[in-house]
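Heads up, data-v5.cif below (mmCIF, C-alpha atoms):
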data_entry
loop_
_atom_site.group_PDB
_atom_site.id
_atom_site.type_symbol
_atom_site.label_atom_id
_atom_site.label_comp_id
_atom_site.auth_asym_id
_atom_site.auth_seq_id
_atom_site.Cartn_x
_atom_site.Cartn_y
_atom_site.Cartn_z
ATOM 1 C CA MET X 1 -10.271 76.285 -88.413
ATOM 2 C CA ALA X 2 -8.459 76.916 -85.122
ATOM 3 C CA THR X 3 -7.287 80.458 -84.551
ATOM 4 C CA LEU X 4 -4.262 81.669 -82.649
ATOM 5 C CA PRO X 5 -4.582 82.823 -79.030
ATOM 6 C CA ALA X 6 -3.668 86.374 -78.066
ATOM 7 C CA TRP X 7 -0.441 85.415 -76.300
ATOM 8 C CA SER X 8 0.964 83.801 -79.439
ATOM 9 C CA LEU X 9 0.178 86.903 -81.474
ATOM 10 C CA LYS X 10 1.940 89.040 -78.850
ATOM 11 C CA LEU X 11 4.917 86.712 -78.835
ATOM 12 C CA GLY X 12 5.129 86.831 -82.612
ATOM 13 C CA ALA X 13 4.938 90.618 -82.630
ATOM 14 C CA ALA X 14 7.680 90.837 -79.995
ATOM 15 C CA CYS X 15 9.884 88.451 -81.980
ATOM 16 C CA ILE X 16 9.398 90.437 -85.202
ATOM 17 C CA THR X 17 10.181 93.718 -83.450
ATOM 18 C CA LEU X 18 13.237 92.387 -81.621
ATOM 19 C CA ALA X 19 14.521 90.729 -84.789
ATOM 20 C CA SER X 20 14.162 93.969 -86.720
ATOM 21 C CA LEU X 21 15.875 95.864 -83.884
ATOM 22 C CA ALA X 22 18.787 93.439 -83.760
ATOM 23 C CA GLY X 23 19.067 93.229 -87.530
ATOM 24 C CA SER X 24 18.989 96.974 -88.074
ATOM 25 C CA PHE X 25 21.462 97.533 -85.203
ATOM 26 C CA ASP X 26 23.818 95.031 -86.777
ATOM 27 C CA TYR X 27 23.409 96.617 -90.212
ATOM 28 C CA ALA X 28 23.918 100.154 -88.890
ATOM 29 C CA SER X 29 27.008 99.028 -86.931
ATOM 30 C CA THR X 30 28.612 97.552 -90.029
ATOM 31 C CA HIS X 31 27.528 100.427 -92.307
ATOM 32 C CA VAL X 32 28.267 103.426 -90.122
ATOM 33 C CA LYS X 33 28.647 105.868 -92.988
ATOM 34 C CA ASN X 34 26.431 105.790 -96.027
ATOM 35 C CA VAL X 35 27.547 108.151 -98.764
ATOM 36 C CA THR X 36 24.282 107.604 -100.634
ATOM 37 C CA ALA X 37 22.115 108.517 -97.644
ATOM 38 C CA PRO X 38 19.471 111.063 -98.610
ATOM 39 C CA LEU X 39 20.335 113.420 -95.768
ATOM 40 C CA GLN X 40 23.876 114.659 -95.260
ATOM 41 C CA PRO X 41 23.905 117.140 -92.369
ATOM 42 C CA PRO X 42 26.553 119.845 -92.657
ATOM 43 C CA VAL X 43 29.397 119.289 -90.209
ATOM 44 C CA ALA X 44 31.258 122.605 -90.615
ATOM 45 C CA ASP X 45 30.870 123.826 -87.054
ATOM 46 C CA ARG X 46 32.049 120.679 -85.368
ATOM 47 C CA PRO X 47 34.352 121.418 -82.433
ATOM 48 C CA ALA X 48 37.881 121.846 -83.716
ATOM 49 C CA ALA X 49 40.562 119.474 -82.525
ATOM 50 C CA SER X 50 42.523 121.864 -80.330
ATOM 51 C CA ALA X 51 44.520 119.275 -78.445
ATOM 52 C CA SER X 52 46.969 118.420 -81.211
ATOM 53 C CA PRO X 53 48.375 121.168 -83.385
ATOM 54 C CA SER X 54 48.959 120.496 -87.048
ATOM 55 C CA PRO X 55 52.420 119.036 -87.711
ATOM 56 C CA SER X 56 53.426 121.482 -90.422
ATOM 57 C CA PRO X 57 52.675 125.180 -90.325
ATOM 58 C CA VAL X 58 50.053 126.132 -92.864
ATOM 59 C CA PRO X 59 50.427 129.589 -94.358
ATOM 60 C CA SER X 60 47.555 131.848 -93.497
ATOM 61 C CA ILE X 61 45.543 133.444 -96.243
ATOM 62 C CA GLY X 62 46.951 136.851 -95.322
ATOM 63 C CA ALA X 63 50.394 135.833 -96.516
ATOM 64 C CA LEU X 64 48.978 134.668 -99.830
ATOM 65 C CA ILE X 65 47.454 138.011 -100.682
ATOM 66 C CA THR X 66 49.616 140.437 -102.644
ATOM 67 C CA LEU X 67 48.707 144.029 -102.178
ATOM 68 C CA ARG X 68 48.660 146.420 -105.085
ATOM 69 C CA PRO X 69 51.026 149.373 -105.039
ATOM 70 C CA GLY X 70 49.429 152.165 -103.139
ATOM 71 C CA GLN X 71 47.011 149.902 -101.315
ATOM 72 C CA ARG X 72 47.077 150.412 -97.610
ATOM 73 C CA THR X 73 48.305 147.584 -95.503
ATOM 74 C CA ALA X 74 46.519 146.609 -92.351
ATOM 75 C CA ALA X 75 47.846 147.938 -89.125
ATOM 76 C CA PRO X 76 49.821 145.448 -87.069
ATOM 77 C CA GLY X 77 47.594 143.546 -84.721
ATOM 78 C CA SER X 78 44.440 144.359 -86.650
ATOM 79 C CA ALA X 79 42.336 141.935 -88.651
ATOM 80 C CA ALA X 80 43.714 140.248 -91.755
ATOM 81 C CA PRO X 81 43.591 142.282 -94.980
ATOM 82 C CA ARG X 82 40.459 141.881 -97.008
ATOM 83 C CA LEU X 83 40.378 140.486 -100.477
ATOM 84 C CA SER X 84 39.473 143.123 -103.050
ATOM 85 C CA LEU X 85 37.052 142.047 -105.717
ATOM 86 C CA GLU X 86 37.499 145.219 -107.750
ATOM 87 C CA PRO X 87 38.674 144.757 -111.333
ATOM 88 C CA GLY X 88 42.453 144.707 -111.671
ATOM 89 C CA VAL X 89 42.555 146.801 -114.881
ATOM 90 C CA ARG X 90 41.518 150.392 -114.489
ATOM 91 C CA THR X 91 41.392 153.348 -116.828
ATOM 92 C CA ALA X 92 44.356 155.672 -116.518
ATOM 93 C CA THR X 93 44.290 159.435 -116.403
ATOM 94 C CA LEU X 94 47.053 159.723 -119.079
ATOM 95 C CA ALA X 95 46.281 160.870 -122.610
ATOM 96 C CA PRO X 96 45.680 157.983 -125.004
ATOM 97 C CA LEU X 97 48.574 157.007 -127.315
ATOM 98 C CA THR X 98 47.815 156.546 -131.030
ATOM 99 C CA PHE X 99 50.122 155.403 -133.837
ATOM 100 C CA THR X 100 49.164 156.594 -137.320
ATOM 101 C CA HIS X 101 52.076 155.217 -139.350
ATOM 102 C CA VAL X 102 53.717 151.875 -139.904
ATOM 103 C CA SER X 103 57.455 151.605 -140.484
ATOM 104 C CA MET R 1 32.814 102.622 -79.528
ATOM 105 C CA GLU R 2 32.551 106.399 -79.424
ATOM 106 C CA ALA R 3 29.435 107.691 -77.640
ATOM 107 C CA GLN R 4 28.238 109.829 -80.530
ATOM 108 C CA LEU R 5 28.644 106.935 -82.917
ATOM 109 C CA LEU R 6 26.652 104.636 -80.621
ATOM 110 C CA ILE R 7 23.890 107.252 -80.355
ATOM 111 C CA TRP R 8 23.747 107.531 -84.146
ATOM 112 C CA ILE R 9 23.487 103.738 -84.567
ATOM 113 C CA ILE R 10 20.807 103.518 -81.853
ATOM 114 C CA ALA R 11 18.807 106.260 -83.584
ATOM 115 C CA ARG R 12 18.827 104.369 -86.873
ATOM 116 C CA ALA R 13 18.089 100.946 -85.380
ATOM 117 C CA ALA R 14 15.329 102.244 -83.107
ATOM 118 C CA GLY R 15 13.714 104.073 -86.020
ATOM 119 C CA LEU R 16 13.577 100.951 -88.165
ATOM 120 C CA ALA R 17 12.374 98.705 -85.331
ATOM 121 C CA SER R 18 9.738 101.255 -84.354
ATOM 122 C CA TYR R 19 8.545 101.332 -87.947
ATOM 123 C CA ALA R 20 8.237 97.520 -87.961
ATOM 124 C CA ALA R 21 6.234 97.519 -84.714
ATOM 125 C CA LEU R 22 4.051 100.367 -85.935
ATOM 126 C CA CYS R 23 3.275 98.362 -89.074
ATOM 127 C CA LEU R 24 2.008 95.586 -86.811
ATOM 128 C CA ALA R 25 -0.080 98.095 -84.854
ATOM 129 C CA VAL R 26 -1.676 99.528 -87.987
ATOM 130 C CA LEU R 27 -2.216 96.075 -89.466
ATOM 131 C CA SER R 28 -3.921 94.783 -86.328
ATOM 132 C CA GLY R 29 -5.962 97.987 -86.141
ATOM 133 C CA ILE R 30 -7.223 97.566 -89.699
ATOM 134 C CA ALA R 31 -7.892 93.886 -89.035
ATOM 135 C CA LEU R 32 -10.216 94.838 -86.181
ATOM 136 C CA ARG R 33 -12.558 96.555 -88.645
ATOM 137 C CA THR R 34 -12.125 94.167 -91.544
ATOM 138 C CA SER R 35 -11.956 90.430 -91.841
ATOM 139 C CA VAL R 36 -8.481 90.205 -93.346
ATOM 140 C CA LEU R 37 -6.950 88.389 -90.372
ATOM 141 C CA ASP R 38 -10.017 86.374 -89.379
ATOM 142 C CA PHE R 39 -8.245 83.235 -90.566
ATOM 143 C CA LEU R 40 -5.470 83.928 -88.033
ATOM 144 C CA ALA R 41 -7.225 85.054 -84.874
ATOM 145 C CA LYS R 42 -10.481 86.277 -83.420
ATOM 146 C CA ASN R 43 -11.215 89.947 -82.925
ATOM 147 C CA ARG R 44 -10.632 89.690 -79.176
ATOM 148 C CA ALA R 45 -7.089 88.413 -79.712
ATOM 149 C CA LEU R 46 -6.437 90.995 -82.414
ATOM 150 C CA ARG R 47 -7.627 93.738 -80.091
ATOM 151 C CA ALA R 48 -5.251 92.472 -77.402
ATOM 152 C CA LEU R 49 -2.433 92.494 -79.943
ATOM 153 C CA HIS R 50 -3.300 96.018 -81.115
ATOM 154 C CA ASP R 51 -3.216 97.329 -77.537
ATOM 155 C CA TRP R 52 -0.104 95.426 -76.527
ATOM 156 C CA VAL R 53 1.994 96.315 -79.565
ATOM 157 C CA SER R 54 1.930 99.963 -78.511
ATOM 158 C CA TRP R 55 4.274 98.923 -75.685
ATOM 159 C CA LEU R 56 6.738 98.036 -78.405
ATOM 160 C CA TRP R 57 6.602 100.923 -80.855
ATOM 161 C CA ILE R 58 6.153 103.802 -78.388
ATOM 162 C CA PRO R 59 9.415 103.165 -76.438
ATOM 163 C CA LEU R 60 11.306 102.488 -79.683
ATOM 164 C CA GLY R 61 9.937 105.643 -81.287
ATOM 165 C CA ALA R 62 10.840 107.614 -78.160
ATOM 166 C CA LEU R 63 14.337 106.112 -78.241
ATOM 167 C CA HIS R 64 14.683 107.157 -81.901
ATOM 168 C CA VAL R 65 13.682 110.741 -81.077
ATOM 169 C CA VAL R 66 15.819 111.036 -77.924
ATOM 170 C CA ALA R 67 18.870 109.619 -79.706
ATOM 171 C CA LEU R 68 18.485 112.169 -82.498
ATOM 172 C CA LEU R 69 18.177 114.929 -79.910
ATOM 173 C CA LEU R 70 21.465 113.814 -78.361
ATOM 174 C CA ASP R 71 23.204 113.372 -81.707
ATOM 175 C CA ARG R 72 25.276 116.486 -82.360
ATOM 176 C CA THR R 73 25.475 115.867 -86.103
ATOM 177 C CA ALA R 74 21.709 115.598 -86.587
ATOM 178 C CA ARG R 75 21.215 119.080 -85.060
ATOM 179 C CA ILE R 76 17.630 118.497 -84.039
ATOM 180 C CA GLY R 77 16.381 120.587 -81.150
ATOM 181 C CA PRO R 78 13.418 120.070 -78.825
ATOM 182 C CA ALA R 79 11.376 122.606 -80.784
ATOM 183 C CA ASP R 80 11.821 120.550 -83.959
ATOM 184 C CA LEU R 81 9.894 117.697 -82.335
ATOM 185 C CA LEU R 82 6.702 119.731 -82.374
ATOM 186 C CA ILE R 83 7.243 122.394 -85.037
ATOM 187 C CA PRO R 84 7.826 120.932 -88.519
ATOM 188 C CA PHE R 85 10.128 122.204 -91.261
ATOM 189 C CA GLY R 86 12.440 124.133 -88.916
ATOM 190 C CA VAL R 87 15.604 122.083 -89.436
ATOM 191 C CA SER R 88 18.261 123.774 -91.570
ATOM 192 C CA TYR R 89 18.715 120.749 -93.844
ATOM 193 C CA GLY R 90 16.261 118.151 -95.210
ATOM 194 C CA ALA R 91 13.407 120.324 -94.011
ATOM 195 C CA ILE R 92 10.664 118.381 -95.793
ATOM 196 C CA ALA R 93 12.003 114.911 -94.979
ATOM 197 C CA ILE R 94 12.470 115.689 -91.280
ATOM 198 C CA GLY R 95 9.350 117.868 -91.148
ATOM 199 C CA LEU R 96 7.223 114.914 -92.257
ATOM 200 C CA GLY R 97 8.640 112.973 -89.321
ATOM 201 C CA THR R 98 7.659 115.837 -87.025
ATOM 202 C CA ILE R 99 4.103 115.833 -88.407
ATOM 203 C CA SER R 100 3.789 112.080 -87.884
ATOM 204 C CA PHE R 101 5.238 112.444 -84.366
ATOM 205 C CA ASP R 102 2.677 115.141 -83.517
ATOM 206 C CA LEU R 103 -0.202 113.090 -84.914
ATOM 207 C CA ILE R 104 0.902 109.925 -83.136
ATOM 208 C CA LEU R 105 1.236 111.864 -79.885
ATOM 209 C CA ILE R 106 -2.354 113.111 -80.231
ATOM 210 C CA ILE R 107 -3.612 109.621 -81.133
ATOM 211 C CA VAL R 108 -1.866 107.981 -78.180
ATOM 212 C CA VAL R 109 -3.016 110.591 -75.666
ATOM 213 C CA SER R 110 -6.580 110.460 -76.995
ATOM 214 C CA SER R 111 -6.557 106.674 -76.658
ATOM 215 C CA TRP R 112 -5.488 106.973 -73.014
ATOM 216 C CA LEU R 113 -8.298 109.472 -72.457
ATOM 217 C CA ARG R 114 -10.851 107.529 -74.464
ATOM 218 C CA ARG R 115 -13.256 106.972 -71.586
ATOM 219 C CA ARG R 116 -13.342 110.702 -70.886
ATOM 220 C CA MET R 117 -14.225 111.784 -74.419
ATOM 221 C CA SER R 118 -17.032 111.047 -76.813
ATOM 222 C CA ASP R 119 -16.651 107.971 -78.962
ATOM 223 C CA ARG R 120 -17.239 109.937 -82.158
ATOM 224 C CA ILE R 121 -14.421 112.405 -81.506
ATOM 225 C CA TRP R 122 -12.062 109.619 -80.482
ATOM 226 C CA ARG R 123 -12.879 107.693 -83.655
ATOM 227 C CA TRP R 124 -12.083 110.657 -85.887
ATOM 228 C CA ILE R 125 -8.815 111.311 -84.062
ATOM 229 C CA HIS R 126 -7.919 107.642 -84.342
ATOM 230 C CA ARG R 127 -8.588 107.678 -88.089
ATOM 231 C CA SER R 128 -5.801 110.216 -88.490
ATOM 232 C CA SER R 129 -3.424 107.333 -87.806
ATOM 233 C CA TYR R 130 -3.689 106.581 -91.545
ATOM 234 C CA VAL R 131 -2.272 110.050 -92.272
ATOM 235 C CA ALA R 132 0.348 109.566 -89.570
ATOM 236 C CA PHE R 133 1.462 106.290 -91.128
ATOM 237 C CA VAL R 134 1.732 107.831 -94.602
ATOM 238 C CA THR R 135 3.802 110.780 -93.333
ATOM 239 C CA LEU R 136 5.938 108.401 -91.284
ATOM 240 C CA PHE R 137 6.636 106.242 -94.321
ATOM 241 C CA LEU R 138 7.504 109.286 -96.451
ATOM 242 C CA HIS R 139 9.783 110.492 -93.638
ATOM 243 C CA ALA R 140 11.525 107.104 -93.606
ATOM 244 C CA ALA R 141 11.809 106.936 -97.394
ATOM 245 C CA LEU R 142 13.118 110.485 -97.771
ATOM 246 C CA SER R 143 15.468 110.631 -94.810
ATOM 247 C CA GLY R 144 16.221 107.037 -93.799
ATOM 248 C CA THR R 145 19.954 106.395 -93.957
ATOM 249 C CA ASP R 146 19.430 102.642 -94.330
ATOM 250 C CA PHE R 147 16.342 102.778 -96.493
ATOM 251 C CA ASN R 148 18.289 102.173 -99.699
ATOM 252 C CA ALA R 149 19.672 98.867 -98.401
ATOM 253 C CA PRO R 150 17.997 96.177 -100.543
ATOM 254 C CA LEU R 151 16.616 93.998 -97.746
ATOM 255 C CA ILE R 152 15.431 96.890 -95.562
ATOM 256 C CA SER R 153 13.935 98.661 -98.566
ATOM 257 C CA ALA R 154 12.119 95.528 -99.775
ATOM 258 C CA LEU R 155 10.630 94.766 -96.350
ATOM 259 C CA SER R 156 9.637 98.373 -95.685
ATOM 260 C CA TRP R 157 8.024 98.923 -99.069
ATOM 261 C CA ALA R 158 6.224 95.568 -98.909
ATOM 262 C CA ALA R 159 4.830 96.362 -95.457
ATOM 263 C CA ALA R 160 3.767 99.848 -96.538
ATOM 264 C CA LEU R 161 2.136 98.625 -99.740
ATOM 265 C CA GLY R 162 0.286 95.843 -97.924
ATOM 266 C CA ILE R 163 -1.010 98.215 -95.279
ATOM 267 C CA GLY R 164 -1.843 100.768 -97.963
ATOM 268 C CA LEU R 165 -3.952 98.250 -99.891
ATOM 269 C CA LEU R 166 -5.740 97.140 -96.727
ATOM 270 C CA GLY R 167 -6.305 100.741 -95.684
ATOM 271 C CA ILE R 168 -7.778 101.684 -99.061
ATOM 272 C CA SER R 169 -10.023 98.609 -99.048
ATOM 273 C CA ARG R 170 -11.108 99.502 -95.505
ATOM 274 C CA ILE R 171 -11.992 103.043 -96.568
ATOM 275 C CA VAL R 172 -13.727 102.013 -99.804
ATOM 276 C CA PHE R 173 -15.458 98.760 -98.837
ATOM 277 C CA GLY R 174 -15.695 98.979 -95.050
ATOM 278 C CA ARG R 175 -15.658 95.557 -93.426
ATOM 279 C CA LEU R 176 -14.614 93.032 -96.038
ATOM 280 C CA PRO R 177 -17.079 90.178 -96.762
ATOM 281 C CA ASP R 178 -16.369 86.895 -95.057
#
Could I get this file's structure written as structure tokens?
Amino acid sequence: MATLPAWSLKLGAACITLASLAGSFDYASTHVKNVTAPLQPPVADRPAASASPSPSPVPSIGALITLRPGQRTAAPGSAAPRLSLEPGVRTATLAPLTFTHVS
Amino acid sequence: MEAQLLIWIIARAAGLASYAALCLAVLSGIALRTSVLDFLAKNRALRALHDWVSWLWIPLGALHVVALLLDRTARIGPADLLIPFGVSYGAIAIGLGTISFDLILIIVVSSWLRRRMSDRIWRWIHRSSYVAFVTLFLHAALSGTDFNAPLISALSWAAALGIGLLGISRIVFGRLPD
């Protein structure tokens, strides 16, 4: 049985490789984003779009925080107030009230 | 088209095309030591194919790596090309690609320096291409963005399984009987 010469094997390999390159380029161009891709790199620190400001002012988190009575407010010009994760209900120093009768 | 988008598409396409060419390289390499492709060509032609196909997969593999280095979303640095498991996400999937890259680099350089080293050492280094192919396939399967596309998945798995069967038969039986 006649066998193939080396040049035809090389040509076939080049055709297979170029076809796979063109096919995969076409597929990747038409499927730019794949939500089921196994790797999803985090994109949090992408450069922010500084050229165009947001159309409506968004309230900062500082304005959303209500301070408790007696809690110190931050000095003007300093960093935003921190969120307190302490429990909101605390024990008081007053004597406990007890009711022993029912009207 | 945006430059970053083009780089991302090039990285994916070059990776898949490099994988296809590398399959041909491994297949022709196994065929040199077995008789699986004797019906197609003589050993001299297969050897010429095995040598020549490296001019296909090496530039495509390099293009894949360089494009990922330039891609800002991928966040792969030069150190990650040589040191595996250092990427902040998909450490195993990308680390396997790094291992295969390191092994392939050693195999290619040792092949260029073959005349300056003993044949036994070169042969053992060249046998690690089986390990490199396995890690490369796992890298593609675990991290490939397009690997779950039906056609790409079918072709890639079929090529890997075929080469895997030939590789196992090569290891177990040596040169297959005519």
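Distances from R:Ser88, R:Ala79, R:Leu68, R:Val134 to Leu103 of chain R were compared using all atoms listed in the file, and the smallest one belongs to R:Val134.
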Distance criterion (all atoms listed in the file): nearest to Ile107 of chain R out of R:Ile58, R:Leu151, R:Leu69, R:Glu2 |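 Of all the options, R:Ile58 lies closest to Ile107 of chain R.
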Return as a ChimeraX atom specification the residues belonging to chain X that are within 10 Å of chain R, counting all atoms listed in the file.
-> /X:1-14,16-46
What separates atom CA of Ala67 of chain R and atom CA of Ala158 of chain R is a distance of 26.9 Å
Counting all atoms listed in the file, the residue of R:Ser35, R:Ser118, R:Thr135, R:Ser110 that sits nearest Phe173 of chain R |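 Of R:Ser35, R:Ser118, R:Thr135, R:Ser110, the one nearest Phe173 of chain R is R:Ser35, counting all atoms listed in the file.
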Take atom CA of Pro84 of chain R and atom CA of Thr98 of chain R and report the distance between them in Å, one decimal.
-> 5.3 Å
Which distance in Å separates atom CA of Phe133 of chain R and atom CA of Asp71 of chain R, to one decimal?
-> 24.7 Å
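Of the listed residues (R:Trp124, R:Phe101, R:Trp112, R:Tyr130), R:Tyr130 comes nearest to Gly164 of chain R; the distances count all atoms listed in the file.
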